[in-house]
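Participant: Starting off with a structure, shown below.
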Amino acid sequence: MKRIKIGYEKLKKKAKKYFKHMKEDHVIRNYFKENVLFVAFVITAVLNSTVLRFFCMHSIENYLSWKAVLADTAVVTFLGSFVYLLKPKNRFTYLLICNIILTALCVINSVYYTFYTSFASISMLSLTQYIGDVGDAVVENVLQLKDMIYIIGPIAFIIVHLRLKKKNYDKKVDLKSDRKKKTLHTMGFAGVLGLIFLMTMTSLDASRFMKQWNKEYIVMRFGIYVYQANDVFTSIQPKINSMFGFDKANKEFIDYFAEREEPKENEMTNIFKGKNIIVIHGESMMTNAMSLSFHGEEVTPNLNRLASEGMFFSNFYSQVSVGTSSDSELTYNTSLMPTKSGTAFVSYSDRTFNSVPKLLKEQGYYTFSMHANNADFWNRRNMYNSIGYERFYSKSDYEVSKENTIGLGLSDKEFFRQSVEKIKEVNEEKEHWYGLLIMLSNHTPFSDVEKYGEYNVDMVETVTYDDGSQEEVTYPYMEGTKLGNYFKSLHYADSALGEFITELDEAGLLENTVIILYGDHDARLPKKDYNLLYNYNPETHDIRDEEDELYREYDSYQYELGRKVPFIIWTKDMKGSRLNFEYHNVMGMYDVQPTIGNMFGYYNKYALGHDIFSIKENNIVVFPNGNWVTNNVYYNSQKAEYLSLSDQPITEEEITSNTDYANRLLDVSNNIIVFDLLNPEKNAGVMKKDEEQ
Ligand code: GP9
Ligand code: MN
């Protein structure tokens, strides 16, 4: 303890002495005087990055983000620090080259942003189509003043150099040891700035940085230079991952599918062959909300109607990892699992996939996707080329205004309304078509409450007093909680869904169309809110006491099992037919492709899931973290614990074999994506054999 104190006192003294020396000897002033060129380099580069934010993000908070300025200064100082290793006469050239590169980054991103409201990525360079687009964009944009403004940076830098040159600053001679010292000091300064930046990073900053898909956020918080450096890293990482272990991965892949049984025909085979398809990606829709009502009004009356009139798979799980929406799209489309690191949509968008649109295209379908958000969200613009959509209607295809915006973007009601007009056109031109519509309004944090419309989640009770008089008392119940706001938001999304079905019907688009709806993932709501939902005590406006006999804990297993999402297949005329039922066998998103494939007449040999009407009660749903669930048991691989879900005894062997199955499936799935094993060029042997069959 004493030693620490002495150490601290010593440090304090040293620091005091250092600051005194800095002040008295005008260290900072002298540094600026002696390093005018370097300072000019840093200032011009940081200013350019700030100007870019100014043009792209129209709020002071964004373009004057001190975090971004700090990060930019740290990066530029670090990059520039190497200049001191050179002789004074060569320093200008080095800094000018750096300055031009940094300026070019700003110009490219400025042009790119004008076209795509997002920032550029080097991974896109592998897509020739992209190069074409950007090439055109640059030519058309070349006269836009705002894209040229960045050139003032290097010009100002050159002027500074010319003025200094008159004083022969580059003729100075310095010692090699001084050069090293100066480099290290400058690097140290950049390091301190970087450290301050890291210390102010929130967990949201860190997670978005790792995922790299919310580009606007990264540029806003980290500046364009850190964004671009991180982009280079995330773009080459998949290449590095796939450099080692191809042969082993390929053998495991071949063995795995050699053991799989070919599917047999069943009562669902080809029932919808040739029908048009609308798939609805229900943002954050959860099955447990479907059975809830407030004041006698269901949270999801329209979803419930579709479920009761069509096929409703009530024991259905989405299998997402950190890629949330994009992971559910991946698994739905390809019957593959999310990747172990990164996300398939962002890191592996150039791989070959046996996807629903591609398989339907072989059946003569025209395929499209609709989502009124920025096309670069989750890198959809690129990934959709690999998934095989022929047309992607994104934000720029919709009329979006402040009035019709909820949460992340265009409101679901408006999105559906505008989409129906587009579908009408497609229907007129194409004989068979398939469209995926991705909803957006019901997205966390569910805080746009005033826009969801009236739906109260409070509780009214009739209280009888001692004198026999009665009064209606309102208790807040779920009002003001995140779960309560979720119900309001979901009620809105459900009403948008109802309007969509009506609009489709009025346009005559339901006659030959199958509606498929899936919830993309759970809404990531606090467990304590569920405890409040099921254990509300009106007297205390709080959760019942655990000792209370009415207390029913919503534990971590219930929470996990409660993450079910709806999966519904519906047509206008299904009600009362043999196809109108609720299906209880456990099912996962990866079973959708094979299940609907059997109904629409296509087959993907490399699906990891199963046609649910073939595998029935023997199904197993594997989660990306290694957990799995069957009709009988839920297994938590992290805790090595299970929860029995039926009366059947659970054997050790069942746990072991299912865990092995889950691990093997996850490995094979990851290898298919990382090593691009479905690409005929990489895996010619396997593909040739398939063709011969
Ligand atoms: C983004 C939307 C939401 O366009 O699909 O993605 P999420 O945050 O749910 O992954
Ligand atoms: Mn989502």
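Naming works like this for the structure tokens: A, B, ... for the chains as they're shown, residue 1 at the start of each chain, ligands 1 onward in shown order.
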Return as a list in words the residues of protein, DNA or RNA that approach ligand 1 to within 7 Å, with only C-alpha atoms and all ligand atoms taken into account.
Facilitator: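 Listing the residues within 7 Å of ligand 1 gives Glu283, Ser284, Gly323, Thr324, Ser325, Ser326, Asn373, Asn374, Phe377, Trp378, Ile438, Leu440 and His443 of chain A.
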Participant: Pick from A:Tyr465, A:Tyr452, A:Phe613, A:Phe272: nearest to Asn512 in chain A, with only C-alpha atoms counted?
Facilitator: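 Among A:Tyr465, A:Tyr452, A:Phe613, A:Phe272, it is A:Phe272 that comes nearest to Asn512 in chain A.
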Participant: Calculate how many Å separate CA of Leu198 in chain A from CA of Leu64 in chain A, rounding to one decimal.
Facilitator: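 Separating CA of Leu198 in chain A from CA of Leu64 in chain A is a distance of 18.3 Å.
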Participant: Applying 12 Å and only C-alpha atoms, which residues near Asp247 in chain A remain after dropping the ones on its own chain fewer than 4 positions away? List them as a PyMOL selection string.
Facilitator: chain A and resi 242-243+251-254+671+675+677+682-683
Participant: Mind writing the picked residues with N, CA and C atoms as a compact mmCIF listing (two decimals), in the first residue's frame?
Facilitator:
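Once everything was written out, this is out34.txt:
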# COMPACT_ATOMS: atom_id res chain seq x y z
N SER A 242 -10.61 -18.73 -45.45
CA SER A 242 -10.82 -19.81 -46.41
C SER A 242 -9.53 -20.31 -47.05
N MET A 243 -8.40 -19.77 -46.58
CA MET A 243 -7.13 -20.19 -47.19
C MET A 243 -6.65 -21.55 -46.68
N LYS A 251 -14.07 -32.84 -47.57
CA LYS A 251 -14.33 -34.26 -47.30
C LYS A 251 -15.51 -34.41 -46.33
N GLU A 252 -15.48 -33.60 -45.28
CA GLU A 252 -16.57 -33.66 -44.29
C GLU A 252 -17.91 -33.34 -44.95
N PHE A 253 -17.86 -32.39 -45.84
CA PHE A 253 -19.07 -31.96 -46.56
C PHE A 253 -19.62 -33.11 -47.42
N ILE A 254 -18.70 -33.76 -48.17
CA ILE A 254 -19.13 -34.86 -49.04
C ILE A 254 -19.69 -36.02 -48.21
N ASN A 671 -18.52 -24.44 -43.03
CA ASN A 671 -17.55 -24.75 -44.10
C ASN A 671 -18.13 -24.49 -45.49
N PHE A 675 -15.73 -21.90 -47.22
CA PHE A 675 -14.93 -22.46 -48.32
C PHE A 675 -15.68 -22.47 -49.66
N LEU A 677 -18.27 -24.06 -50.80
CA LEU A 677 -18.32 -25.44 -51.30
C LEU A 677 -19.44 -25.70 -52.31
N LYS A 682 -15.20 -24.40 -57.52
CA LYS A 682 -14.34 -24.85 -56.43
C LYS A 682 -14.55 -26.32 -56.13
N ASN A 683 -15.75 -26.81 -56.44
CA ASN A 683 -16.10 -28.15 -56.03
C ASN A 683 -16.64 -28.95 -57.21
Participant: What separation in Å, quoted to one decimal, exists between CA of Ala375 in chain A and CA of Thr405 in chain A?
Facilitator: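 Spanning CA of Ala375 in chain A to CA of Thr405 in chain A is a straight-line distance of 16.7 Å.
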Participant: I'd like to know which of A:Asn385, A:Thr630, A:Asn304, A:Ser335 is closest to Leu517 in chain A, using only C-alpha atoms.
Facilitator: A:Asn304
